file final_36.txt (compact mmCIF, C-alpha atoms and all ligand atoms)
# COMPACT_ATOMS: atom_id res chain seq x y z
CA MET A 1 -36.36 -59.52 2.50
CA LYS A 2 -35.26 -57.97 5.74
CA ARG A 3 -37.23 -55.32 7.53
CA ARG A 4 -35.68 -52.62 9.61
CA GLU A 5 -37.08 -49.82 11.62
CA PHE A 6 -37.49 -46.73 9.52
CA PHE A 7 -36.55 -44.65 12.54
CA GLY A 8 -33.11 -46.21 12.66
CA SER A 9 -31.88 -44.19 9.72
CA SER A 10 -31.05 -40.53 10.06
CA LEU A 11 -30.99 -40.27 6.28
CA PHE A 12 -34.74 -40.16 5.94
CA VAL A 13 -35.68 -38.32 9.09
CA GLY A 14 -36.52 -35.20 7.12
CA ALA A 15 -38.96 -37.06 4.97
CA LEU A 16 -40.41 -38.86 7.95
CA ALA A 17 -40.92 -35.72 10.00
CA GLY A 18 -42.87 -34.20 7.16
CA ALA A 19 -44.93 -37.31 6.82
CA ASN A 20 -45.81 -37.67 10.45
CA GLN A 21 -47.25 -34.28 11.10
CA ASP A 22 -50.90 -34.98 10.77
CA GLY A 23 -53.59 -37.50 10.34
CA HIS A 24 -51.76 -40.76 10.01
CA ALA A 25 -53.41 -42.35 13.01
CA ARG A 26 -56.47 -42.55 10.82
CA VAL A 27 -54.83 -44.82 8.28
CA GLN A 28 -53.02 -47.26 10.55
CA ALA A 29 -55.67 -49.88 9.84
CA ASN A 30 -54.38 -50.09 6.26
CA PRO A 31 -51.39 -52.43 6.48
CA GLN A 32 -49.67 -51.10 3.38
CA ARG A 33 -49.81 -47.50 4.51
CA ALA A 34 -48.58 -48.51 7.93
CA THR A 35 -45.62 -50.22 6.26
CA GLN A 36 -44.87 -47.16 4.20
CA GLN A 37 -44.62 -45.00 7.27
CA GLY A 38 -43.20 -47.36 9.81
CA GLU A 39 -40.66 -49.58 8.12
CA VAL A 40 -38.24 -49.90 5.28
CA VAL A 41 -38.10 -53.10 3.27
CA ILE A 42 -34.66 -54.03 2.00
CA GLU A 43 -34.89 -55.64 -1.42
CA ARG A 44 -31.86 -57.85 -1.90
CA ALA A 45 -30.54 -59.58 -5.00
CA VAL A 46 -32.10 -62.99 -5.53
CA SER A 47 -30.74 -65.91 -7.52
CA GLY A 48 -32.47 -67.40 -10.54
CA LYS A 49 -35.20 -65.67 -12.53
CA PRO A 50 -38.05 -65.08 -10.08
CA HIS A 51 -39.47 -62.32 -12.27
CA ALA A 52 -39.55 -64.34 -15.50
CA GLY A 53 -42.67 -63.48 -17.47
CA LYS A 54 -43.05 -60.07 -15.83
CA VAL A 55 -42.67 -56.76 -17.66
CA LEU A 56 -41.28 -53.47 -16.39
CA ALA A 57 -41.33 -49.99 -17.87
CA ALA A 58 -38.56 -47.58 -16.87
CA ILE A 59 -40.13 -44.19 -17.51
CA GLN A 60 -38.14 -40.97 -17.70
CA PRO A 61 -38.70 -37.46 -19.03
CA HIS A 62 -35.01 -37.13 -19.97
CA SER A 63 -32.28 -39.48 -21.04
CA ASP A 64 -30.37 -39.11 -17.74
CA ASP A 65 -33.15 -39.58 -15.16
CA ILE A 66 -33.34 -43.36 -14.93
CA PRO A 67 -29.53 -43.72 -15.16
CA LEU A 68 -28.99 -41.30 -12.27
CA PHE A 69 -31.71 -42.48 -9.90
CA ALA A 70 -32.90 -46.00 -10.70
CA ALA A 71 -30.56 -47.75 -13.13
CA GLY A 72 -29.21 -50.13 -10.48
CA THR A 73 -32.69 -51.38 -9.68
CA VAL A 74 -33.66 -51.63 -13.35
CA ALA A 75 -30.53 -53.69 -14.08
CA LYS A 76 -31.14 -55.87 -11.02
CA LEU A 77 -34.76 -56.58 -11.97
CA ILE A 78 -33.82 -57.36 -15.58
CA SER A 79 -31.14 -59.80 -14.37
CA GLU A 80 -33.82 -61.47 -12.22
CA GLY A 81 -36.03 -62.18 -15.23
CA TYR A 82 -38.05 -59.09 -16.09
CA THR A 83 -38.47 -57.99 -19.69
CA GLY A 84 -37.99 -54.23 -19.74
CA TYR A 85 -38.85 -51.21 -21.87
CA LEU A 86 -37.64 -47.62 -21.73
CA ILE A 87 -40.23 -44.87 -22.19
CA ARG A 88 -38.88 -41.30 -22.57
CA THR A 89 -41.52 -38.58 -22.51
CA THR A 90 -39.63 -35.51 -23.83
CA ASN A 91 -37.39 -34.89 -26.83
CA ASP A 92 -34.58 -33.47 -24.62
CA GLU A 93 -34.23 -30.43 -26.89
CA LYS A 94 -33.06 -28.10 -24.09
CA ALA A 95 -30.16 -30.04 -22.63
CA GLY A 96 -26.63 -30.75 -23.72
CA ARG A 97 -24.37 -30.77 -26.71
CA GLY A 98 -25.29 -29.76 -30.24
CA ALA A 99 -24.91 -26.70 -32.45
CA THR A 100 -28.65 -26.59 -33.18
CA MET A 101 -31.77 -27.76 -31.38
CA ALA A 102 -32.13 -30.57 -33.89
CA GLU A 103 -28.62 -31.78 -33.13
CA VAL A 104 -29.32 -31.69 -29.40
CA VAL A 105 -32.46 -33.77 -29.95
CA LEU A 106 -30.61 -36.32 -32.08
CA ASN A 107 -27.65 -36.57 -29.69
CA ASN A 108 -29.94 -37.20 -26.73
CA GLU A 109 -32.00 -39.75 -28.66
CA ARG A 110 -28.82 -41.69 -29.41
CA ASP A 111 -27.75 -41.52 -25.77
CA ASN A 112 -31.16 -42.72 -24.67
CA ASP A 113 -30.86 -45.74 -26.99
CA ALA A 114 -27.43 -46.45 -25.49
CA VAL A 115 -28.87 -46.26 -21.97
CA ALA A 116 -31.49 -48.87 -22.90
CA LYS A 117 -28.76 -51.12 -24.32
CA ALA A 118 -26.57 -50.74 -21.21
CA LEU A 119 -29.47 -51.80 -18.99
CA GLY A 120 -30.67 -54.69 -21.17
CA LEU A 121 -33.97 -53.02 -22.03
CA LYS A 122 -35.70 -54.48 -25.05
CA LYS A 123 -37.08 -51.43 -26.81
CA VAL A 124 -37.34 -47.65 -26.50
CA PHE A 125 -40.49 -45.57 -26.88
CA ASN A 126 -39.98 -41.82 -27.29
CA LEU A 127 -43.13 -39.74 -26.75
CA ASN A 128 -41.10 -36.64 -27.75
CA TYR A 129 -43.03 -33.92 -25.97
CA ARG A 130 -41.13 -30.67 -25.92
CA ASN A 131 -38.50 -30.45 -23.21
CA HIS A 132 -39.33 -28.13 -20.26
CA ARG A 133 -42.77 -27.49 -21.71
CA MET A 134 -44.65 -30.51 -20.48
CA ASP A 135 -47.08 -28.49 -18.42
CA ASP A 136 -48.42 -27.39 -21.80
CA VAL A 137 -49.30 -30.97 -22.72
CA SER A 138 -52.83 -32.30 -22.38
CA ARG A 139 -52.67 -34.83 -19.57
CA GLN A 140 -55.56 -36.67 -21.15
CA GLU A 141 -53.67 -37.08 -24.40
CA MET A 142 -50.49 -38.20 -22.69
CA ARG A 143 -52.38 -40.51 -20.33
CA GLY A 144 -54.08 -42.15 -23.32
CA ARG A 145 -50.69 -42.87 -24.88
CA MET A 146 -49.28 -44.18 -21.61
CA ILE A 147 -52.30 -46.43 -21.05
CA TYR A 148 -51.94 -47.73 -24.59
CA LEU A 149 -48.32 -48.67 -23.89
CA PHE A 150 -49.15 -50.28 -20.52
CA ARG A 151 -51.89 -52.38 -22.11
CA MET A 152 -49.93 -53.28 -25.24
CA LEU A 153 -46.73 -54.20 -23.37
CA LYS A 154 -48.64 -55.71 -20.40
CA VAL A 155 -46.57 -53.69 -17.96
CA ASP A 156 -46.57 -55.10 -14.42
CA THR A 157 -44.08 -52.71 -12.82
CA VAL A 158 -43.03 -49.11 -13.40
CA LEU A 159 -40.05 -47.11 -12.20
CA CYS A 160 -40.53 -43.34 -12.42
CA TYR A 161 -40.27 -40.05 -10.55
CA ASP A 162 -42.47 -39.86 -7.45
CA PRO A 163 -45.66 -37.98 -8.37
CA TRP A 164 -45.80 -36.75 -4.77
CA GLY A 165 -42.10 -35.84 -4.43
CA HIS A 166 -41.62 -32.47 -2.77
CA TYR A 167 -39.78 -29.44 -4.11
CA GLU A 168 -39.32 -30.83 -7.62
CA GLN A 169 -38.44 -27.92 -9.91
CA ASN A 170 -38.73 -29.51 -13.32
CA PRO A 171 -42.27 -29.62 -14.78
CA ASP A 172 -41.25 -32.52 -17.05
CA HIS A 173 -40.57 -34.57 -13.93
CA TYR A 174 -43.81 -33.95 -12.09
CA VAL A 175 -46.09 -33.94 -15.14
CA THR A 176 -44.68 -37.28 -16.32
CA ALA A 177 -44.95 -38.76 -12.81
CA GLN A 178 -48.52 -37.66 -12.31
CA VAL A 179 -49.63 -39.01 -15.67
CA VAL A 180 -47.89 -42.33 -14.99
CA GLU A 181 -49.56 -42.55 -11.58
CA SER A 182 -53.04 -42.16 -13.05
CA ALA A 183 -52.35 -44.36 -16.07
CA CYS A 184 -51.22 -47.26 -13.84
CA TRP A 185 -54.68 -47.89 -12.42
CA MET A 186 -56.74 -46.50 -15.29
CA ALA A 187 -55.16 -48.98 -17.71
CA ALA A 188 -57.17 -51.65 -15.87
CA GLY A 189 -60.51 -49.99 -16.56
CA SER A 190 -62.82 -51.49 -19.11
CA ARG A 191 -64.46 -48.15 -19.88
CA ASP A 192 -61.37 -45.97 -20.21
CA TYR A 193 -60.17 -45.43 -23.78
CA PRO A 194 -62.55 -48.13 -25.04
CA GLU A 195 -61.35 -47.76 -28.63
CA GLN A 196 -58.06 -49.35 -27.52
CA LEU A 197 -60.03 -52.38 -26.34
CA GLU A 198 -61.98 -52.51 -29.60
CA GLY A 199 -58.60 -52.57 -31.30
CA GLY A 200 -57.64 -55.78 -29.51
CA LEU A 201 -55.95 -54.65 -26.29
CA GLN A 202 -57.05 -55.88 -22.88
CA PRO A 203 -57.43 -53.88 -19.65
CA HIS A 204 -54.21 -54.32 -17.69
CA ALA A 205 -53.33 -52.94 -14.24
CA VAL A 206 -49.78 -51.99 -13.32
CA GLN A 207 -49.18 -53.79 -10.02
CA GLU A 208 -45.93 -52.37 -8.68
CA ARG A 209 -44.46 -48.88 -8.63
CA TYR A 210 -40.96 -47.83 -7.64
CA TYR A 211 -40.90 -44.04 -7.26
CA PHE A 212 -37.68 -42.05 -6.91
CA ALA A 213 -37.35 -38.36 -6.03
CA ARG A 214 -34.78 -35.58 -5.77
CA GLY A 215 -36.44 -34.03 -2.71
CA PRO A 216 -37.91 -35.33 0.54
CA GLN A 217 -39.90 -38.49 -0.02
CA LEU A 218 -41.55 -41.25 1.99
CA VAL A 219 -38.88 -43.89 1.51
CA ASN A 220 -40.07 -47.41 2.26
CA ARG A 221 -37.80 -49.52 0.08
CA ILE A 222 -34.03 -49.78 -0.18
CA VAL A 223 -32.80 -51.82 -3.12
CA ASP A 224 -29.39 -53.48 -2.85
CA ILE A 225 -27.75 -52.59 -6.18
CA THR A 226 -24.27 -53.81 -5.28
CA GLY A 227 -24.41 -56.50 -7.98
CA ALA A 228 -25.65 -54.03 -10.57
CA ILE A 229 -23.42 -51.03 -9.83
CA ASP A 230 -21.22 -51.50 -12.90
CA GLN A 231 -24.30 -51.54 -15.15
CA LYS A 232 -25.54 -48.38 -13.47
CA VAL A 233 -22.16 -46.81 -14.16
CA ALA A 234 -22.33 -47.91 -17.81
CA ALA A 235 -25.82 -46.42 -18.23
CA ASN A 236 -24.52 -43.09 -16.90
CA VAL A 237 -21.38 -43.15 -19.03
CA ALA A 238 -23.73 -43.58 -22.02
CA ASN A 239 -25.23 -40.14 -21.32
CA VAL A 240 -22.54 -38.08 -23.04
CA THR A 241 -24.84 -35.31 -24.32
CA GLN A 242 -26.32 -34.07 -21.04
CA GLY A 243 -26.05 -34.58 -17.32
CA PRO A 244 -23.24 -34.87 -14.79
CA ALA A 245 -21.84 -38.21 -16.02
CA GLY A 246 -20.91 -39.14 -19.62
CA GLU A 247 -17.37 -38.10 -20.50
CA ASN A 248 -16.88 -35.72 -17.60
CA GLY A 249 -14.27 -38.01 -16.03
CA ALA A 250 -12.04 -37.72 -19.08
CA GLY A 251 -12.66 -33.97 -19.12
CA LEU A 252 -11.59 -33.62 -15.51
CA ARG A 253 -8.51 -35.73 -16.17
CA ALA A 254 -7.52 -33.43 -19.05
CA ARG A 255 -8.09 -30.26 -17.00
CA LEU A 256 -5.98 -31.63 -14.17
CA ALA A 257 -3.22 -32.68 -16.58
CA ALA A 258 -3.07 -29.09 -17.86
CA ARG A 259 -2.30 -28.11 -14.26
CA LYS A 260 0.26 -30.93 -13.98
CA LEU A 261 -2.02 -32.84 -11.61
CA ARG A 262 -3.83 -36.16 -11.63
CA LEU A 263 -6.33 -38.00 -9.46
CA PRO A 264 -5.20 -41.62 -9.02
CA ILE A 265 -8.82 -42.78 -8.72
CA LEU A 266 -9.44 -41.78 -12.38
CA GLY A 267 -6.79 -44.18 -13.71
CA THR A 268 -4.65 -43.57 -16.76
CA GLU A 269 -7.14 -43.83 -19.64
CA ASP A 270 -10.14 -41.70 -20.66
CA GLU A 271 -12.39 -44.74 -20.53
CA SER A 272 -11.45 -45.65 -16.97
CA ALA A 273 -11.65 -41.97 -15.98
CA ASN A 274 -15.26 -41.80 -17.20
CA ARG A 275 -16.26 -44.98 -15.36
CA GLN A 276 -14.46 -44.15 -12.14
CA TYR A 277 -15.70 -40.55 -12.11
CA VAL A 278 -19.31 -41.74 -12.38
CA LYS A 279 -18.89 -44.43 -9.75
CA TYR A 280 -16.92 -42.56 -7.11
CA ILE A 281 -17.76 -38.89 -7.76
CA VAL A 282 -21.23 -38.69 -9.34
CA LEU A 283 -22.85 -41.58 -7.48
CA ASP A 284 -20.84 -41.17 -4.29
CA TYR A 285 -18.49 -38.37 -3.20
CA ASP A 286 -20.18 -35.35 -4.88
CA SER A 287 -23.61 -36.89 -5.29
CA GLN A 288 -25.55 -34.25 -3.39
CA TYR A 289 -24.13 -31.49 -5.57
CA LEU A 290 -24.26 -33.35 -8.89
CA ARG A 291 -27.51 -35.33 -8.47
CA GLY A 292 -29.32 -33.62 -5.58
CA VAL A 293 -29.61 -36.86 -3.60
CA PRO A 294 -27.40 -38.63 -1.04
CA SER A 295 -24.62 -40.91 -2.24
CA ASP A 296 -25.67 -44.44 -3.21
CA ARG A 297 -22.95 -45.67 -0.86
CA GLU A 298 -24.28 -43.61 2.05
CA VAL A 299 -27.80 -44.88 1.38
CA GLY A 300 -26.45 -48.44 1.42
CA ARG A 301 -24.23 -47.96 4.46
CA ALA A 302 -27.22 -47.09 6.64
CA TYR A 303 -28.57 -50.60 5.91
CA GLY A 304 -25.34 -52.58 5.84
CA LEU A 305 -25.20 -52.60 2.03
CA GLU A 306 -22.39 -51.48 -0.28
CA TRP A 307 -24.50 -49.63 -2.87
CA ALA A 308 -28.24 -48.94 -2.73
CA GLU A 309 -31.09 -46.95 -4.23
CA ALA A 310 -34.05 -45.57 -2.26
CA PHE A 311 -37.69 -45.61 -3.39
CA HIS A 312 -41.23 -45.11 -2.36
CA TYR A 313 -42.63 -48.48 -3.37
CA ILE A 314 -46.30 -49.26 -3.84
CA GLY A 315 -47.29 -52.87 -4.43
CA PRO A 316 -50.50 -54.85 -4.73
CA ILE A 317 -52.68 -55.39 -1.67
CA GLU A 318 -54.22 -58.84 -1.30
CA SER A 319 -57.91 -59.09 -0.38
CA ARG A 320 -58.46 -60.77 2.99
CA LEU A 321 -62.12 -61.57 2.28
CA GLU A 322 -61.58 -65.20 1.22
CA GLN A 323 -59.66 -65.86 4.42
CA TYR A 324 -62.48 -64.33 6.45
CA ILE A 325 -65.02 -66.52 4.66
CA ARG A 326 -62.90 -69.65 5.27
CA GLU A 327 -62.65 -68.90 8.95
CA ASN A 328 -66.15 -67.63 9.62
CA ALA A 329 -68.66 -68.99 7.11
CA VAL A 330 -71.21 -71.48 8.50
CA PRO A 331 -73.74 -73.67 6.64
CA LEU A 332 -77.00 -72.05 5.62
CA GLY A 333 -80.02 -72.98 7.76
ZN ZN A 401 -34.80 -34.98 -15.87
call {"tool": "encode", "arguments": {"input": "final_36.txt", "output": "structure tokens"}}
result
Amino acid sequence: MKRREFFGSSLFVGALAGANQDGHARVQANPQRATQQGEVVIERAVSGKPHAGKVLAAIQPHSDDIPLFAAGTVAKLISEGYTGYLIRTTNDEKAGRGATMAEVVLNNERDNDAVAKALGLKKVFNLNYRNHRMDDVSRQEMRGRMIYLFRMLKVDTVLCYDPWGHYEQNPDHYVTAQVVESACWMAAGSRDYPEQLEGGLQPHAVQERYYFARGPQLVNRIVDITGAIDQKVAANVANVTQGPAGENGAGLRARLAARKLRLPILGTEDESANRQYVKYIVLDYDSQYLRGVPSDREVGRAYGLEWAEAFHYIGPIESRLEQYIRENAVPLG
């Protein structure tokens, strides 16, 4: 891991300025919070399977969220040994192709399965709350289901929308994120949802969180996804029902051909057009318009990387008490 000064990047100045306005002098004694505000950690690809035995949950309200914002990191972590699951919280009934709502739901469910396959995720769980109506859902009920999954799957790490991301418009995004945030620590409690424990599950804390956002965010981790970019592209090409990716490259190629034009970057086949469009237009050239976030290449360039994703990362904090005892304890009497 290589640390760089947060202030060196103009990309995140907006987020930093918002974060620095008030009160942070009070929390400088907490090393993790100081890291979040002062530095960015660059997470690079590592060889071997350092995460063997660990479990991640990629959690998204809609079938295109993880592909657009975190698929490179999911693919990277899976290749480094994680076992992964995909949890989708809505039924995606409001977005994309289909003559009826039921068709839209089915099309998105199929896409979501294809996303999991493209990223090497082992199984999909669909909570199927109604799309765009998640602020109607009982958070208690949803939290109970999320905690059940975290305990059953023994989830160590989650990737999800940032529950504290600013200016998020979609209630599905912030409701899901807030429930995930609370479920991560509550899953460790021995008195929360005790019937799950009676049923054979054990309390289990989620240790690591990678939060992504469409608006200003405290970014403290840049993940090098250069080795996983083609898998990220594949996960986005899988989303044919909704979102900016899917088969839009082939569509653009056809529209240009009708005007007797072509873009060389799209190649000569529909398949290559879809891949290249996602890689160079959706994730790069027109990213701000199509995804609402800076290009993955621009994010990487600021840190000397080819392709990168940005997160607010929260990891475990080690207790220093044992060290204090070793250094300071004296014999009784
Ligand atoms: Zn979404």
call {"tool": "residues_around", "arguments": {"input": "final_36.txt", "residues": "Ser272 (chain A)", "least_positions_apart": "2", "cutoff": "12 Å", "atoms": "only C-alpha atoms", "output": "list in words"}}
result
Val233, Ala234, Val237, Gly246, Glu247, Asn248, Gly249, Ala250, Gly251, Arg253, Leu263, Pro264, Ile265, Leu266, Gly267, Thr268, Glu269, Asp270, Asn274, Arg275, Gln276, Tyr277, Val278, Lys279 and Tyr280 of chain A
call {"tool": "closest_residue", "arguments": {"input": "final_36.txt", "among": "A:Pro216, A:Gly165, A:Gly72, A:Pro61", "to": "ligand ZN 401 (chain A)", "atoms": "only C-alpha atoms and all ligand atoms"}}
result
A:Pro61
call {"tool": "residues_around", "arguments": {"input": "final_36.txt", "residues": "His173 (chain A)", "least_positions_apart": "2", "cutoff": "8 Å", "atoms": "only C-alpha atoms", "output": "short mmCIF file (atom, residue, chain, number, x, y, z; two decimals) with C-alpha atoms, in the frame of the given file"}}
result
data_model
loop_
_atom_site.label_atom_id
_atom_site.label_comp_id
_atom_site.auth_asym_id
_atom_site.auth_seq_id
_atom_site.Cartn_x
_atom_site.Cartn_y
_atom_site.Cartn_z
CA GLN A 60 -38.14 -40.97 -17.70
CA PRO A 61 -38.70 -37.46 -19.03
CA TYR A 161 -40.27 -40.05 -10.55
CA GLU A 168 -39.32 -30.83 -7.62
CA ASN A 170 -38.73 -29.51 -13.32
CA PRO A 171 -42.27 -29.62 -14.78
CA VAL A 175 -46.09 -33.94 -15.14
CA THR A 176 -44.68 -37.28 -16.32
CA ALA A 177 -44.95 -38.76 -12.81
#
call {"tool": "residues_near_point", "arguments": {"input": "final_36.txt", "point": "(-63.6, -47.4, -21.2)", "cutoff": "12 Å", "atoms": "all atoms listed in the file", "output": "PyMOL selection string"}}
result
chain A and resi 144+147+186-198+201-203
call {"tool": "atom_distance", "arguments": {"input": "final_36.txt", "atom1": "CA of Gly300 (chain A)", "atom2": "CA of Val74 (chain A)"}}
result
16.7 Å
call {"tool": "residues_near_ligand", "arguments": {"input": "final_36.txt", "ligand": "ligand ZN 401 (chain A)", "cutoff": "12 Å", "atoms": "all atoms listed in the file", "output": "ChimeraX atom specification"}}
result
/A:59-69,88-95,131-132,134,160-161,168-177,212-214,242-244,291-292
call {"tool": "atom_distance", "arguments": {"input": "final_36.txt", "atom1": "CA of Val124 (chain A)", "atom2": "CA of Ala308 (chain A)"}}
result
25.5 Å
call {"tool": "residues_around", "arguments": {"input": "final_36.txt", "residues": "Pro50 (chain A)", "least_positions_apart": "6", "cutoff": "10 Å", "atoms": "all atoms listed in the file", "output": "list in words"}}
result
Leu77, Ser79, Glu80, Gly81 and Tyr82 of chain A
call {"tool": "atom_distance", "arguments": {"input": "final_36.txt", "atom1": "CA of Asp230 (chain A)", "atom2": "CA of Leu305 (chain A)"}}
result
15.5 Å
call {"tool": "closest_residue", "arguments": {"input": "final_36.txt", "among": "A:Arg301, A:Lys154, A:His312, A:Arg145", "to": "Asp224 (chain A)", "atoms": "all atoms listed in the file"}}
result
A:Arg301
call {"tool": "closest_residue", "arguments": {"input": "final_36.txt", "among": "A:Val180, A:Ala302, A:Val137, A:Ile87", "to": "Asp162 (chain A)", "atoms": "all atoms listed in the file"}}
result
A:Val180
call {"tool": "closest_residue", "arguments": {"input": "final_36.txt", "among": "A:Ile222, A:Val330, A:Ala71, A:Ala257", "to": "Val299 (chain A)", "atoms": "all atoms listed in the file"}}
result
A:Ile222
